[in-house]
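Inspection log for the structure reproduced underneath, given as C-alpha cells.
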Amino acid sequence: MSTKPSDKDVLVVVDVQNDFCGGGALEVRGGEEIVPAVNALIGKFDHVVFTQDWHPPGHGSFASTHNAQMFSAINVSYGIQTLWPNHCVQGTPGSDFHPDLKTTTGELIIRKGFRKEVDSYSAFFENDQLTQTGLKGYLNERGLERVHVCGLAIDFCVAFSAIDAVRCGFESFVVEDACRAIDVDGSLEHAKAMMLKTGVKMAASADYA
Ligand SMILES: [Zn+2]
C-alpha cells in the first residue's frame with residue numbers, strides 16, 4: 001500500500017502529552033518511544049493537526065472525582081465511562097506536549113475533554129457521540145479528504161478518532177507503529193476489531209516513504 005501524502009491528506013497527532021508518556025500520570029507503556037516516528041510523519045505531511053487532552057480539575061473522567069477505583073467504570077448519562085487517574089489537567093506540565101514533539105508546523109490544535117461532565121476520546125466528537133469538536137468542519141472547509149491518525153493511545157483516543165473519521169465521511173488510516181496502547185481489560189483487541197469493522201485501514205510509517 002502506498003499512501004504518500006498529498007494536499008488532500010492530513011495527519012492527526014493524538015495526545016502526545018507528558019501525562020501519557022513515561023513517568024506521566026496516565027502513562028501509556030512506551031508512549032514516548034513513538035515521538036521519533038511521529039516527528040518523521042509530521043515532516044511528510046503538508047497538513048498536521050494536533051489534539052490535546054485538556055481537563056479542568058475535578059473532571060468527570062477522574063476516579064478521584066467519584067471516590068472510585070482507577071480503571072473502574074461507571075454509568076453516566078452518555079453510557080459507560082472508564083475512570084482514570086487525574087491527568088492532563090489544563091495548564092499543568094502533564095498537559096504539555098512531549099518536549100521533543102515537533103509541533104511547529106501544526107495548523108490546528110484541537111483541545112478536548114474541557115467540559116467537566118463529558119469526556120472526549122475522539123478528535124471529532126465528545127463521548128456523548130453528539131457534540132462535535134469542529135474538526136470535521138475544519139477538514140471539510142480545507143478540502144482535506146484522508147485522515148491519518150497516530151499517537152496515544154491506540155485503543156482509546158486514536159481508535160475513537162479514526163472510527164469517527166470514517167463516520168464523518170473521510171478515508172481513515174491508523175499508523176500503527178506510531179501508536180502505543182493502554183490495553184486495559186482487552187481494550188486493544190476490542191479497538192482493533194471495531195476499527196477494522198468500521199473500515200479504518202491499518203498503515204505503517206514505511207507506507208509514507
Ligand atoms: Zn483524558
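For the C-alpha cells, the naming scheme is as follows: chains receive sequential letters (A, B, ...) according to their order of presentation, residues are indexed from 1 within each chain, and ligands are indexed from 1 in presentation order.
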
| said: Quick one: residues within 6 Å of range 155-162 of chain A, only C-alpha atoms, excluding same-chain residues fewer than 2 positions away - as an NGL selection string? | reply: :A and (121-123 or 153 or 164-165 or 172 or 181 or 187-188 or 191)

Please write the residues from the selection above to a file, keeping C-alpha atoms, as an mmCIF file, in the first residue's frame.
```cif
data_model
loop_
_atom_site.group_PDB
_atom_site.id
_atom_site.type_symbol
_atom_site.label_atom_id
_atom_site.label_comp_id
_atom_site.auth_asym_id
_atom_site.auth_seq_id
_atom_site.Cartn_x
_atom_site.Cartn_y
_atom_site.Cartn_z
ATOM 1 C CA TYR A 121 -11.655 10.478 23.426
ATOM 2 C CA SER A 122 -12.255 11.313 19.785
ATOM 3 C CA ALA A 123 -10.837 14.264 17.888
ATOM 4 C CA ALA A 153 -3.426 5.591 22.929
ATOM 5 C CA ASP A 164 -15.246 8.863 13.810
ATOM 6 C CA ALA A 165 -13.229 9.987 10.783
ATOM 7 C CA SER A 172 -9.199 6.886 7.594
ATOM 8 C CA ALA A 181 -1.796 1.073 23.722
ATOM 9 C CA SER A 187 -9.317 -2.775 25.108
ATOM 10 C CA LEU A 188 -6.645 -3.166 22.414
ATOM 11 C CA ALA A 191 -10.494 -1.379 19.482
#
```

Could you list, as a PDB file with C-alpha atoms, in the first residue's frame, all protein and nucleic acid residues with an atom at most 10 Å from ligand 1, counting only C-alpha atoms and all ligand atoms?
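After the write, pocket_39.pdb holds the following:
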```pdb
ATOM      1  CA  ASP A  15      -2.491  13.335  22.678  1.00  0.00           C
ATOM      2  CA  ASP A  19       0.944  12.578  31.171  1.00  0.00           C
ATOM      3  CA  PHE A  20       0.626   9.795  28.591  1.00  0.00           C
ATOM      4  CA  LEU A  26      -1.650   8.080  32.900  1.00  0.00           C
ATOM      5  CA  GLN A  52      -4.521  17.821  23.367  1.00  0.00           C
ATOM      6  CA  ASP A  53      -6.433  16.211  26.228  1.00  0.00           C
ATOM      7  CA  TRP A  54      -7.363  19.227  28.348  1.00  0.00           C
ATOM      8  CA  HIS A  55      -9.356  18.641  31.515  1.00  0.00           C
ATOM      9  CA  HIS A  59     -13.146  16.303  35.686  1.00  0.00           C
ATOM     10  CA  GLY A  60     -15.858  13.640  35.442  1.00  0.00           C
ATOM     11  CA  SER A  61     -13.443  11.107  33.930  1.00  0.00           C
ATOM     12  CA  PHE A  62     -11.210  11.143  37.018  1.00  0.00           C
ATOM     13  CA  LEU A  83     -12.392   6.253  35.345  1.00  0.00           C
ATOM     14  CA  TRP A  84      -8.806   7.390  35.003  1.00  0.00           C
ATOM     15  CA  PRO A  85      -6.130   8.771  37.295  1.00  0.00           C
ATOM     16  CA  ASN A  86      -6.112  12.590  37.305  1.00  0.00           C
ATOM     17  CA  HIS A  87      -4.359  13.516  34.056  1.00  0.00           C
ATOM     18  CA  CYS A  88      -3.848  16.356  31.582  1.00  0.00           C
ATOM     19  CA  VAL A  89      -5.209  18.998  33.906  1.00  0.00           C
ATOM     20  CA  SER A  95      -0.864  18.507  29.852  1.00  0.00           C
ATOM     21  CA  LYS A 112     -10.789  18.096  24.139  1.00  0.00           C
ATOM     22  CA  GLY A 113     -12.340  16.981  27.398  1.00  0.00           C
ATOM     23  CA  PHE A 114     -12.701  20.545  28.689  1.00  0.00           C
ATOM     24  CA  ASP A 119     -15.115  13.055  28.443  1.00  0.00           C
ATOM     25  CA  SER A 120     -13.799  13.227  24.894  1.00  0.00           C
ATOM     26  CA  TYR A 121     -11.655  10.478  23.426  1.00  0.00           C
ATOM     27  CA  PHE A 156      -8.869   4.806  23.119  1.00  0.00           C
ATOM     28  CA  CYS A 157      -8.349   8.250  21.617  1.00  0.00           C
TER      29      CYS A 157
END
```

| request: Step one, run DSSP on the backbone; step two, keep only residues of range 96-176 of chain A assigned to helix (DSSP H, G or I); then write them as a ChimeraX atom specification. | output: /A:135-141,154-167

| task | Check range 33-67 of chain A with DSSP on the backbone and list each residue it calls strand (DSSP E), as an MDAnalysis selection string. | result | chainID A and resid 48:53

| request: Write out as a PyMOL selection string which residues come within 12 Å of Leu196 in chain A when counting only C-alpha atoms, dropping same-chain ones fewer than 6 positions away. | output: chain A and resi 159+162-163+166+172-174+189-190+202-203

Neighbour list for Val14 in chain A as a tab-separated table (two decimals) with C-alpha atoms, in the first residue's frame, cut-off 6 Å, only C-alpha atoms, skip fewer than 4 positions in-chain:
```
chain	number	residue	atom	x	y	z
A	51	THR	CA	-5.11	17.02	19.73
A	151	GLY	CA	-0.43	8.94	18.83
A	152	LEU	CA	-1.73	7.81	22.21
```

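The closest residue to Val35 in chain A, picked from A:Ile80, A:Val149, A:Ala178, A:Val200 and counting only C-alpha atoms, is A:Ala178.
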